[in-house]
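J.: Below is the file protein_14.txt, which contains compact mmCIF, C-alpha atoms.
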# COMPACT_ATOMS: atom_id res chain seq x y z
CA MET A 1 120.95 118.16 151.75
CA LYS A 2 121.46 116.35 148.45
CA LEU A 3 120.03 118.23 145.50
CA GLN A 4 118.18 115.83 143.21
CA GLU A 5 118.19 116.80 139.55
CA ASN A 6 116.08 115.11 136.93
CA VAL A 7 115.95 115.09 133.16
CA SER A 8 112.99 114.04 131.05
CA VAL A 9 113.26 111.28 128.48
CA ILE A 10 113.09 113.81 125.63
CA GLN A 11 115.94 115.76 127.20
CA LEU A 12 117.94 112.54 127.56
CA LEU A 13 117.31 111.85 123.88
CA ALA A 14 118.55 115.35 122.95
CA LEU A 15 121.62 114.89 125.15
CA VAL A 16 122.51 111.53 123.57
CA ILE A 17 122.07 112.84 120.01
CA ASN A 18 124.16 115.98 120.61
CA PHE A 19 126.77 114.04 122.56
CA GLN A 20 127.20 111.47 119.80
CA ILE A 21 127.35 114.10 117.07
CA GLY A 22 129.80 116.18 119.16
CA SER A 23 133.38 115.93 118.00
CA SER A 24 132.73 113.09 115.52
CA ILE A 25 131.23 115.63 113.15
CA VAL A 26 134.16 118.01 113.66
CA VAL A 27 137.00 115.67 112.76
CA GLY A 28 135.13 113.21 110.52
CA LEU A 29 134.97 109.44 110.96
CA ALA A 30 136.07 106.16 109.39
CA GLY A 31 138.70 107.55 106.99
CA GLN A 32 140.33 104.11 106.65
CA ALA A 33 137.22 102.73 104.94
CA LYS A 34 137.62 105.33 102.14
CA GLN A 35 134.41 105.71 100.09
CA ASP A 36 132.70 103.06 102.23
CA ALA A 37 133.12 105.14 105.38
CA TRP A 38 129.39 105.78 105.57
CA ILE A 39 128.73 102.00 105.55
CA ALA A 40 131.21 101.59 108.43
CA VAL A 41 129.44 104.33 110.39
CA LEU A 42 126.02 102.74 109.82
CA ILE A 43 127.29 99.29 110.89
CA ALA A 44 128.94 100.84 113.95
CA THR A 45 125.62 102.54 114.76
CA VAL A 46 123.89 99.15 114.94
CA VAL A 47 126.61 97.92 117.31
CA GLY A 48 126.40 101.24 119.20
CA VAL A 49 122.70 100.64 119.87
CA GLY A 50 123.71 97.36 121.53
CA VAL A 51 126.38 99.18 123.55
CA ALA A 52 123.75 101.67 124.78
CA TYR A 53 121.57 98.73 125.89
CA PHE A 54 124.56 97.19 127.71
CA TYR A 55 125.14 100.36 129.74
CA TYR A 56 121.41 100.65 130.49
CA LYS A 57 121.32 97.02 131.65
CA LEU A 58 124.28 97.70 133.96
CA LEU A 59 122.39 100.59 135.56
CA SER A 60 119.14 98.64 135.78
CA PHE A 61 120.74 96.18 138.22
CA CYS A 62 120.70 98.95 140.83
CA PRO A 63 117.98 101.46 139.85
CA GLY A 64 118.62 105.01 141.08
CA LYS A 65 122.36 104.44 141.45
CA ASN A 66 124.96 105.97 139.16
CA LEU A 67 128.22 104.40 137.96
CA TYR A 68 130.17 105.32 141.11
CA GLU A 69 127.49 104.05 143.48
CA ILE A 70 127.29 100.78 141.56
CA LEU A 71 131.08 100.49 141.85
CA GLU A 72 130.71 100.83 145.62
CA PHE A 73 127.87 98.29 145.68
CA SER A 74 130.00 95.76 143.82
CA PHE A 75 133.53 96.31 145.14
CA GLY A 76 133.25 98.26 148.38
CA ARG A 77 134.16 101.89 149.10
CA ILE A 78 137.98 101.68 148.88
CA ILE A 79 138.18 100.00 145.47
CA ALA A 80 135.24 102.11 144.25
CA VAL A 81 137.10 105.32 145.11
CA GLY A 82 140.20 104.10 143.23
CA VAL A 83 138.25 103.11 140.11
CA SER A 84 136.17 106.30 140.36
CA LEU A 85 139.37 108.35 140.25
CA LEU A 86 140.32 106.50 137.06
CA PHE A 87 136.95 107.34 135.54
CA ILE A 88 137.22 110.96 136.71
CA GLY A 89 140.65 111.25 135.05
CA PHE A 90 139.31 109.61 131.89
CA PHE A 91 136.25 111.87 131.66
CA PHE A 92 138.25 115.06 132.27
CA TYR A 93 140.94 114.00 129.81
CA ILE A 94 138.40 113.30 127.05
CA ALA A 95 136.64 116.60 127.87
CA ALA A 96 139.98 118.35 127.32
CA ARG A 97 140.43 116.53 124.00
CA VAL A 98 136.92 117.44 122.85
CA SER A 99 137.55 121.08 123.74
CA ARG A 100 140.84 120.94 121.83
CA ASP A 101 139.04 119.60 118.72
CA PHE A 102 136.76 122.59 118.75
CA ALA A 103 139.48 125.13 119.49
CA GLU A 104 141.67 123.75 116.66
CA MET A 105 138.74 124.04 114.27
CA MET A 106 138.08 127.62 115.35
CA THR A 107 141.70 128.76 115.13
CA SER A 108 142.46 127.13 111.81
CA ALA A 109 139.22 127.89 109.99
CA ILE A 110 137.27 130.71 111.62
CA LEU A 111 139.45 132.85 113.93
CA PRO A 112 143.06 132.43 112.70
CA ASN A 113 144.46 135.38 114.68
CA THR A 114 142.98 134.38 118.03
CA PRO A 115 145.17 132.31 120.37
CA ILE A 116 143.85 128.79 120.88
CA GLU A 117 144.15 129.27 124.65
CA ALA A 118 141.70 132.18 124.57
CA ILE A 119 139.10 130.12 122.69
CA ASN A 120 139.57 127.23 125.11
CA LEU A 121 139.21 129.52 128.07
CA LEU A 122 135.96 131.02 126.76
CA LEU A 123 134.55 127.56 126.01
CA MET A 124 135.51 126.35 129.48
CA LEU A 125 133.94 129.38 131.15
CA LEU A 126 130.70 128.62 129.31
CA VAL A 127 130.87 124.95 130.35
CA ALA A 128 131.62 125.98 133.95
CA TYR A 129 128.57 128.24 133.98
CA ILE A 130 126.33 125.48 132.56
CA LEU A 131 127.65 122.94 135.06
CA TYR A 132 127.29 125.34 137.96
CA LEU A 133 123.61 125.70 137.05
CA GLY A 134 123.32 121.92 136.92
CA LEU A 135 122.16 119.03 134.75
CA GLU A 136 118.66 120.40 134.09
CA PRO A 137 119.78 123.61 132.31
CA LEU A 138 122.26 121.53 130.31
CA ALA A 139 119.50 119.15 129.24
CA ARG A 140 117.14 122.04 128.42
CA THR A 141 119.86 123.66 126.28
CA ALA A 142 120.23 120.41 124.34
CA GLU A 143 116.45 120.08 124.02
CA ILE A 144 115.93 123.64 122.73
CA PHE A 145 118.78 123.70 120.23
CA SER A 146 118.54 120.13 118.85
CA PRO A 147 115.93 120.91 116.15
CA TYR A 148 118.31 123.51 114.71
CA ILE A 149 120.88 120.79 114.04
CA VAL A 150 118.40 118.88 111.87
CA ILE A 151 117.23 122.09 110.15
CA PHE A 152 120.80 123.24 109.41
CA PHE A 153 121.78 119.77 108.18
CA GLY A 154 118.77 119.77 105.87
CA LEU A 155 119.54 123.28 104.64
CA LEU A 156 123.20 122.42 104.05
CA THR A 157 122.24 119.31 102.06
CA LEU A 158 119.70 121.26 100.04
CA LEU A 159 122.16 124.06 99.22
CA LEU A 160 124.90 121.59 98.27
CA TRP A 161 122.43 119.76 96.03
CA VAL A 162 121.17 122.97 94.43
CA SER A 163 124.70 124.21 93.78
CA GLY A 164 125.45 120.89 92.06
CA ASP A 165 128.30 119.81 94.33
CA ILE A 166 126.88 116.42 95.29
CA SER A 167 128.08 113.63 93.03
CA ILE A 168 126.92 110.10 93.81
CA ARG A 169 129.84 108.76 91.72
CA GLN A 170 132.24 109.77 94.49
CA VAL A 171 130.96 106.92 96.72
CA GLN A 172 131.19 104.38 93.90
CA PRO A 173 132.27 101.63 93.55
CA VAL A 174 130.65 100.47 96.74
CA LEU A 175 132.67 97.89 98.68
CA ALA A 176 135.57 98.22 96.22
CA TYR A 177 138.04 97.01 98.86
CA GLY A 178 135.67 94.42 100.37
CA TRP A 179 134.50 94.20 103.96
CA ALA A 180 137.96 94.06 105.58
CA PRO A 181 138.64 97.85 105.79
CA ILE A 182 135.10 98.39 107.09
CA ALA A 183 135.51 95.74 109.77
CA LYS A 184 138.88 97.22 110.78
CA THR A 185 137.31 100.67 111.08
CA VAL A 186 134.31 99.49 113.08
CA PHE A 187 136.42 97.39 115.50
CA PRO A 188 137.97 99.02 117.50
CA ASP A 189 137.98 102.61 116.15
CA LEU A 190 134.29 103.40 115.80
CA MET A 191 133.38 101.16 118.71
CA SER A 192 135.52 103.32 121.01
CA PHE A 193 134.88 106.66 119.33
CA PRO A 194 132.10 107.75 119.33
CA PHE A 195 129.88 104.83 120.39
CA GLY A 196 131.83 103.54 123.40
CA GLU A 197 131.82 107.04 124.83
CA LEU A 198 128.25 106.36 125.92
CA VAL A 199 129.83 105.00 129.11
CA VAL A 200 129.58 108.57 130.38
CA PHE A 201 125.79 108.19 130.49
CA THR A 202 126.13 105.57 133.23
CA ALA A 203 126.68 108.58 135.50
CA ILE A 204 123.68 110.48 134.09
CA MET A 205 120.99 108.06 132.92
CA CYS A 206 119.89 107.32 136.48
CA TYR A 207 118.61 110.91 136.81
CA THR A 208 115.98 110.30 134.11
CA THR A 209 112.44 110.82 135.42
CA LYS A 210 111.15 107.60 133.83
CA PHE A 211 114.18 105.37 134.14
CA ARG A 212 112.43 102.33 132.63
CA TYR A 213 112.36 104.15 129.28
CA ALA A 214 115.94 105.44 129.53
CA GLY A 215 117.44 102.42 127.76
CA LYS A 216 115.07 102.62 124.79
CA VAL A 217 115.55 106.39 124.57
CA ALA A 218 119.35 106.06 124.62
CA MET A 219 119.16 103.39 121.90
CA VAL A 220 116.91 105.59 119.73
CA GLY A 221 119.27 108.54 120.36
CA VAL A 222 122.28 106.52 119.25
CA GLY A 223 120.35 105.40 116.16
CA ILE A 224 119.39 108.96 115.18
CA ALA A 225 122.88 110.32 115.85
CA GLY A 226 124.43 107.43 113.90
CA LEU A 227 122.15 108.12 110.92
CA LEU A 228 123.06 111.83 111.03
CA VAL A 229 126.79 111.13 111.26
CA GLY A 230 126.53 108.46 108.54
CA PHE A 231 124.64 110.87 106.32
CA SER A 232 127.19 113.60 107.02
CA THR A 233 130.05 111.21 106.19
CA ALA A 234 128.40 110.19 102.90
CA MET A 235 127.75 113.83 102.03
CA GLN A 236 131.38 114.81 102.73
CA ILE A 237 132.60 112.07 100.37
CA MET A 238 130.03 112.92 97.69
CA VAL A 239 131.04 116.59 97.77
CA LEU A 240 134.80 116.46 98.30
CA GLY A 241 135.81 112.98 97.16
CA VAL A 242 137.79 110.44 99.18
CA ASP A 243 141.22 112.07 98.73
CA SER A 244 140.09 115.54 99.74
CA VAL A 245 138.24 114.18 102.77
CA ALA A 246 141.44 112.39 103.83
CA ARG A 247 143.47 115.59 103.44
CA SER A 248 140.96 117.89 105.13
CA ASN A 249 141.20 118.38 108.88
CA PHE A 250 137.53 119.39 109.12
CA PRO A 251 135.76 117.77 106.15
CA LEU A 252 132.22 118.97 106.89
CA LEU A 253 133.41 122.56 107.08
CA SER A 254 135.30 122.13 103.79
CA ALA A 255 132.15 120.67 102.21
CA ALA A 256 130.06 123.62 103.42
CA ARG A 257 132.52 126.00 101.80
CA GLU A 258 131.73 124.46 98.42
CA VAL A 259 128.21 125.88 98.49
CA SER A 260 127.67 128.52 95.86
CA VAL A 261 124.13 129.12 94.68
CA ALA A 262 123.96 131.64 91.82
CA GLN A 263 127.24 133.10 93.13
CA PHE A 264 125.12 134.77 95.80
CA ILE A 265 124.53 132.28 98.64
CA GLU A 266 128.08 131.39 99.70
CA ARG A 267 130.19 130.86 102.80
CA ILE A 268 127.53 129.18 104.88
CA ASP A 269 130.18 128.00 107.35
CA ALA A 270 128.10 129.47 110.16
CA PHE A 271 125.57 126.61 109.89
CA VAL A 272 128.29 124.00 110.28
CA VAL A 273 130.03 125.93 113.06
CA PHE A 274 126.72 126.11 114.92
CA ILE A 275 126.22 122.33 114.63
CA MET A 276 129.78 121.71 115.79
CA MET A 277 129.67 124.28 118.57
CA LEU A 278 126.46 122.91 120.06
CA GLY A 279 127.73 119.34 119.84
CA ILE A 280 131.03 120.23 121.48
CA VAL A 281 129.49 122.29 124.29
CA ILE A 282 127.04 119.50 125.12
CA LYS A 283 129.67 116.76 124.86
CA CYS A 284 132.20 118.64 126.98
CA SER A 285 129.55 119.48 129.58
CA VAL A 286 128.26 115.90 129.74
CA TYR A 287 131.79 114.53 130.23
CA MET A 288 132.58 117.07 132.90
CA PHE A 289 129.25 116.60 134.66
CA ALA A 290 129.93 112.86 134.88
CA ALA A 291 133.41 113.60 136.28
CA PHE A 292 132.01 116.07 138.81
CA LYS A 293 129.51 113.44 139.94
CA GLY A 294 132.54 111.26 140.60
CA ILE A 295 134.16 114.04 142.61
CA GLU A 296 130.90 114.39 144.53
CA TYR A 297 131.05 110.68 145.31
CA VAL A 298 134.73 110.63 146.29
CA PHE A 299 134.66 113.76 148.48
CA LYS A 300 131.12 113.22 149.80
CA MET A 301 130.10 116.82 149.19
CA PRO A 302 128.15 118.68 146.46
CA TYR A 303 130.16 119.23 143.29
CA ARG A 304 129.35 122.93 142.71
CA PRO A 305 132.25 124.45 144.72
CA PHE A 306 134.64 122.37 142.58
CA VAL A 307 133.30 123.53 139.23
CA PHE A 308 135.25 126.73 138.54
CA PRO A 309 138.72 125.70 139.81
CA ILE A 310 138.65 122.29 138.12
CA THR A 311 137.35 123.75 134.87
CA MET A 312 140.36 126.05 134.84
CA VAL A 313 142.66 123.02 135.21
CA ILE A 314 140.94 121.42 132.21
CA SER A 315 141.43 124.68 130.31
CA LEU A 316 145.18 124.39 130.94
CA PHE A 317 145.33 120.74 129.93
CA THR A 318 143.37 121.38 126.76
CA VAL A 319 146.49 123.20 125.59
CA MET A 320 149.02 120.86 127.23
CA ILE A 321 147.73 117.54 125.82
CA ALA A 322 149.33 118.20 122.43
CA PHE A 323 151.75 120.66 120.86
CA ASN A 324 149.86 120.80 117.58
CA PHE A 325 146.85 119.39 115.74
CA ALA A 326 148.86 116.58 114.11
CA GLU A 327 150.01 115.31 117.51
CA HIS A 328 146.50 115.72 118.90
CA ILE A 329 144.99 113.51 116.16
CA ASP A 330 147.88 110.99 116.28
CA GLU A 331 147.54 110.69 120.06
CA GLY A 332 143.78 110.25 119.74
CA LEU A 333 143.81 107.60 117.02
CA ASN A 334 146.89 105.57 117.97
CA TYR A 335 147.12 105.82 121.75
CA THR A 336 143.96 107.12 123.44
CA ILE A 337 141.40 105.04 121.53
CA PRO A 338 143.12 101.62 121.62
CA TYR A 339 144.45 101.85 125.18
CA PHE A 340 142.55 104.31 127.33
CA ASN A 341 139.12 104.35 125.68
CA ALA A 342 138.92 100.59 125.19
CA THR A 343 139.81 99.97 128.86
CA MET A 344 137.49 102.52 130.41
CA GLU A 345 134.61 102.03 127.97
CA TYR A 346 134.55 98.25 127.73
CA ALA A 347 136.96 96.35 130.01
CA VAL A 348 136.08 98.03 133.32
CA PRO A 349 132.28 98.21 132.69
CA LEU A 350 132.31 94.54 131.59
CA ILE A 351 134.00 93.44 134.84
CA LEU A 352 131.59 95.65 136.77
CA PHE A 353 128.64 94.15 134.89
CA VAL A 354 129.63 90.57 135.74
CA VAL A 355 130.35 91.31 139.42
CA THR A 356 127.13 93.34 139.86
CA TYR A 357 125.08 90.63 138.13
CA ILE A 358 126.47 87.93 140.43
CA LYS A 359 125.95 90.10 143.51
CA VAL A 360 122.38 91.06 142.62
CA ARG A 361 121.52 87.45 141.86
CA LYS A 362 122.95 86.31 145.18
CA GLN A 363 120.93 88.98 146.99
CA ARG A 364 117.72 87.96 145.23
CA LYS A 365 118.33 84.29 146.08
CA LYS A 366 118.95 85.22 149.71
CA LYS A 367 115.74 87.26 149.86
CA GLY A 368 113.82 84.41 148.21
CA ALA A 369 115.17 81.93 150.78
CA GLU A 370 114.27 84.28 153.65
CA LYS A 371 110.69 84.61 152.38
CA ALA A 372 110.34 80.84 152.01
CA MET B 1 139.05 119.94 150.11
CA VAL B 2 138.61 121.94 146.89
CA THR B 3 142.33 122.82 146.79
CA PHE B 4 143.24 119.20 147.41
CA CYS B 5 140.89 118.17 144.60
CA PHE B 6 142.46 120.82 142.36
CA PHE B 7 145.92 119.30 142.86
CA LEU B 8 144.54 115.76 142.59
CA ILE B 9 142.92 116.42 139.20
CA PHE B 10 146.01 118.33 138.06
CA THR B 11 148.21 115.36 138.99
CA LEU B 12 145.84 112.83 137.40
CA LEU B 13 145.76 114.70 134.10
CA LEU B 14 149.49 115.34 134.21
CA VAL B 15 150.16 111.62 134.66
CA ILE B 16 147.86 110.71 131.74
CA THR B 17 149.33 113.39 129.45
CA THR B 18 152.91 112.46 130.39
CA ILE B 19 152.31 108.76 129.73
CA PHE B 20 150.89 109.45 126.27
CA ASP B 21 153.65 111.91 125.40
CA MET B 22 156.29 109.42 126.56
CA MET B 23 154.72 106.82 124.25
CA ILE B 24 154.56 109.20 121.29
CA TYR B 25 158.01 110.81 121.55
CA LYS B 26 159.79 107.83 123.19
CA GLN B 27 161.32 110.15 125.80
CA THR B 28 162.15 109.82 129.48
CA ILE B 29 159.68 111.08 132.05
CA LEU B 30 161.82 114.11 133.00
CA LYS B 31 162.31 115.20 129.41
CA THR B 32 158.58 114.79 128.73
CA LEU B 33 157.65 116.86 131.79
CA HIS B 34 160.16 119.52 130.80
CA SER B 35 158.79 119.77 127.29
CA LEU B 36 155.21 119.81 128.61
CA PHE B 37 155.80 122.87 130.76
CA PHE B 38 158.56 124.80 129.04
CA SER B 39 158.26 124.23 125.28
CA TYR B 40 156.67 126.87 123.09
CA VAL B 41 155.80 129.17 125.98
CA GLY B 42 154.26 132.04 124.08
CA ALA B 43 151.75 134.72 124.94
CA GLY B 44 148.93 132.26 124.37
CA ARG B 45 150.20 129.68 126.78
CA TYR B 46 150.48 132.27 129.52
CA ILE B 47 146.68 132.70 129.21
CA ALA B 48 146.31 129.01 130.07
CA TYR B 49 148.79 129.26 132.99
CA MET B 50 147.03 132.36 134.27
CA SER B 51 143.62 130.70 134.12
CA ALA B 52 144.94 127.71 136.06
CA GLY B 53 146.46 130.15 138.59
CA VAL B 54 143.12 131.92 138.97
CA GLY B 55 141.51 128.51 139.46
CA LEU B 56 143.98 127.71 142.24
CA ILE B 57 143.38 131.03 144.02
CA CYS B 58 139.62 130.50 143.71
CA SER B 59 139.91 127.00 145.17
CA ILE B 60 141.79 128.37 148.20
CA ILE B 61 139.16 131.09 148.71
CA ILE B 62 136.32 128.56 148.33
CA ASP B 63 137.98 126.27 150.88
CA TYR B 64 138.38 129.18 153.31
CA ARG B 65 134.75 130.20 152.89
CA LEU B 66 133.52 126.61 153.31
CA ARG B 67 135.55 126.33 156.54
CA THR B 68 134.28 129.63 157.97
CA ASN B 69 130.69 128.69 157.08
CA LYS B 70 131.16 125.33 158.79
CA LYS B 71 132.59 127.01 161.89
CA ALA B 72 129.76 129.56 161.96
CA LYS B 73 127.19 126.77 161.88
CA LYS B 74 128.81 124.97 164.84
CA PRO B 75 128.02 126.68 168.18
CA SER B 76 131.28 127.45 169.96
CA GLN B 77 131.93 126.68 173.66
CA THR B 78 131.60 130.35 174.67
CA ASP B 79 128.13 130.60 173.08
CA LEU B 80 126.75 127.79 175.25
CA PRO B 81 124.55 128.85 178.17
Represent the structure contained in this file as structure tokens.
T.:
Amino acid sequence: MKLQENVSVIQLLALVINFQIGSSIVVGLAGQAKQDAWIAVLIATVVGVGVAYFYYKLLSFCPGKNLYEILEFSFGRIIAVGVSLLFIGFFFYIAARVSRDFAEMMTSAILPNTPIEAINLLLMLLVAYILYLGLEPLARTAEIFSPYIVIFFGLLTLLLWVSGDISIRQVQPVLAYGWAPIAKTVFPDLMSFPFGELVVFTAIMCYTTKFRYAGKVAMVGVGIAGLLVGFSTAMQIMVLGVDSVARSNFPLLSAAREVSVAQFIERIDAFVVFIMMLGIVIKCSVYMFAAFKGIEYVFKMPYRPFVFPITMVISLFTVMIAFNFAEHIDEGLNYTIPYFNATMEYAVPLILFVVTYIKVRKQRKKKGAEKA
Amino acid sequence: MVTFCFFLIFTLLLVITTIFDMMIYKQTILKTLHSLFFSYVGAGRYIAYMSAGVGLICSIIIDYRLRTNKKAKKPSQTDLP
């Protein structure tokens, strides 16, 4: 018996916001655009809203079907299984990278004496437990904890402002280098990470209770997340300055450490770590859920027995993907985003979109002719 | 099936990681694989190897249990009237 899980539109909204915030808030975005990074993020958000609509439109051709089932509808079972394996590999690989982002942040800034492998293992055990319980508990977790993100962001901004660390001059002059660096940052960097990553929702959006609203909700979610990330980027620059942001591995955490109100309220890293931790847990879980749905499709059996063993493999690869943080970031920016992300987030879905559109149109024409 | 999937995902991720490492370090496939498994093996990395090992043992146990459950559901020839 196939277990049908559903998420409400509000839960989908919470998932999209947390997913988008995820690792983008950990490592910071759009460094190439210097003090105009926040403009690049806001422009990319507008494009990201369009990307969310594109993925929704792809799903709306075959309502109730997820990415893998649409692949089968368009290409047949054999090709669908092959492409599904590619997507499964992609989703697991990115989940490992996301987990690595978080573990690097923890080991370098919060728990310097703890081995990175131990942190990864604990994170993966948590993700395995969430996934074993299913999509609904994951969505409820996102729904319950999302308001805290906004509250902590607000509190962080307020404390930074009160302690006099925010200087608007740091983002001036606006557009000093023109539009070229912004355009270069938006295409392809920001388009692939974090906005193209919405491709993962093609395996999840179909489980929304009111699917007809899923597209609008995803678009609103991307908009809210984009505004939050854009605001965070601007705040990092206003507090630290462009050079310090470029040098810092985790700029938001560095900015939070600047807070000092009356030499009494200090070290409010916990707020930032909470925001990052929630984002990473949700993002990792969403990626792995989408991959497990693929495994469910390929092996034609429920995904739950696979959860623990496969999560342990991901835990191993979280360590193996890079020897150190420098390699991890270099691999992400120069190899994963331009080659792997761009292919799996845009090229394959675009081909799928065209083929599905043609096939659905043919079917409708055939049905119309039969009726006549 | 779970054990097969375990090795399938392991191989998939290994291929992806090896390709990227080959591109970064401009090394041969054998050298990349060697450095992936044997470089910097410290106490921490053994935690990761151990967790993967536990995952493999679990997958074998899960497969065994799935098979016995399947067999128990099917009525055997001797049970037939």
J.: Where does chain B meet chain A within 8 Å, residue by residue, with the nearest atom pair and distance in Å to one decimal for each, counting only C-alpha atoms, listed by chain and rising number, as a Markdown table?
T.:
| residue | atom | partner | partner_atom | distance |
| --- | --- | --- | --- | --- |
| B:Met1 | CA | A:Phe299 | CA | 7.8 |
| B:Val2 | CA | A:Phe306 | CA | 5.9 |
| B:Cys5 | CA | A:Phe306 | CA | 7.8 |
| B:Phe6 | CA | A:Ile310 | CA | 5.9 |
| B:Ile9 | CA | A:Gly89 | CA | 7.0 |
| B:Phe10 | CA | A:Val313 | CA | 6.4 |
| B:Leu12 | CA | A:Gly89 | CA | 5.9 |
| B:Leu13 | CA | A:Gly89 | CA | 6.2 |
| B:Ile16 | CA | A:Tyr93 | CA | 7.9 |
| B:Thr17 | CA | A:Ile321 | CA | 5.7 |
| B:Phe20 | CA | A:Tyr335 | CA | 6.9 |
| B:Ile24 | CA | A:Glu331 | CA | 7.3 |
| B:Leu36 | CA | A:Met320 | CA | 6.4 |
| B:Phe37 | CA | A:Met320 | CA | 7.9 |
| B:Gly44 | CA | A:Pro115 | CA | 5.5 |
| B:Arg45 | CA | A:Glu117 | CA | 6.4 |
| B:Ile47 | CA | A:Glu117 | CA | 6.2 |
| B:Ala48 | CA | A:Leu316 | CA | 4.8 |
| B:Tyr49 | CA | A:Leu316 | CA | 6.4 |
| B:Ser51 | CA | A:Met312 | CA | 5.7 |
| B:Ala52 | CA | A:Met312 | CA | 5.0 |
| B:Val54 | CA | A:Pro309 | CA | 7.7 |
| B:Gly55 | CA | A:Pro309 | CA | 4.0 |
| B:Leu56 | CA | A:Pro309 | CA | 6.1 |
| B:Cys58 | CA | A:Pro309 | CA | 6.2 |
| B:Ser59 | CA | A:Pro309 | CA | 5.6 |
| B:Ile62 | CA | A:Pro305 | CA | 6.8 |
J.: What is the atom CA of A:Gly226-atom CA of A:Thr45 distance in Å, reported with one decimal?
T.: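 Atom-to-atom, atom CA of A:Gly226 to atom CA of A:Thr45, that is 5.1 Å.
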J.: Atom CA of A:Leu190 and atom CA of A:Val46, how far apart in Å?
T.: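 Atom-to-atom, atom CA of A:Val46 and atom CA of A:Leu190 are spaced 11.3 Å apart.
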J.: For atom CA of A:Gln363 and atom CA of A:Glu69, quote the distance in Å rounded to one decimal.
T.: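 These atoms are spaced 16.8 Å apart.
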J.: For A:Ile204, work out the shell of residues within 8 Å, counting all atoms listed in the file and skipping chain neighbours fewer than 4 positions away, then give it as a ChimeraX atom specification.
T.: /A:66,200,208,290
J.: Taking (133.3, 115.4, 127.6) in the coordinates of the supplied file, I want to know which residues reach to within 9 Å of it, counting all atoms listed in the file; could you give the answer as number ranges by chain?
T.: A: 19, 91-99, 197, 200, 280-291
J.: Compute the distance from (155.4, 112.2, 131.1) to each atom, counting all atoms listed in the file, keep the residues with any atom at most 9 Å away, and return them as a list in words; use the coordinates of the file.
T.: Leu14, Val15, Ile16, Thr17, Thr18, Ile19, Phe20, Asp21, Met22, Met23, Gln27, Thr28, Ile29, Leu30, Lys31, Thr32, Leu33, His34 and Leu36 of chain B
J.: Which is closest to A:Ser163 among A:Ser84, A:Ser248, A:Ser260, A:Ser254, if we use only C-alpha atoms?
T.: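 Ranked by minimum distance to A:Ser163, first place goes to A:Ser260.
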J.: Go through A:Arg100, A:Ile329, A:Tyr339, A:Ile43 one by one, measure the shortest atom-to-atom distance of each to A:Ile182 using all atoms listed in the file, and give the residue with the smallest value.
T.: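 Once distances to A:Ile182 are computed over all atoms listed in the file, the minimum belongs to A:Ile43.
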J.: From the options A:Gly215, A:Glu136, A:Gly154, A:Ala326, which residue's atoms come nearest to A:Arg247, counting only C-alpha atoms?
T.: A:Ala326
J.: With all atoms of stretch 41-52 of chain B from the file as input, state the centre and edge lengths in Å to one decimal of the axis-aligned box that has 4 Å extra on each side, as AutoDock Vina command-line options.
T.:
--center_x 149.7 --center_y 131.2 --center_z 130.1 --size_x 20.2 --size_y 15.0 --size_z 20.0
J.: So which one's closest to A:Gln236, A:Ser74, A:Gln20, A:Lys34, A:Gly178? Using all atoms listed in the file, please.
T.: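 The shortest atom-to-atom distance to A:Gln236 comes from A:Lys34.
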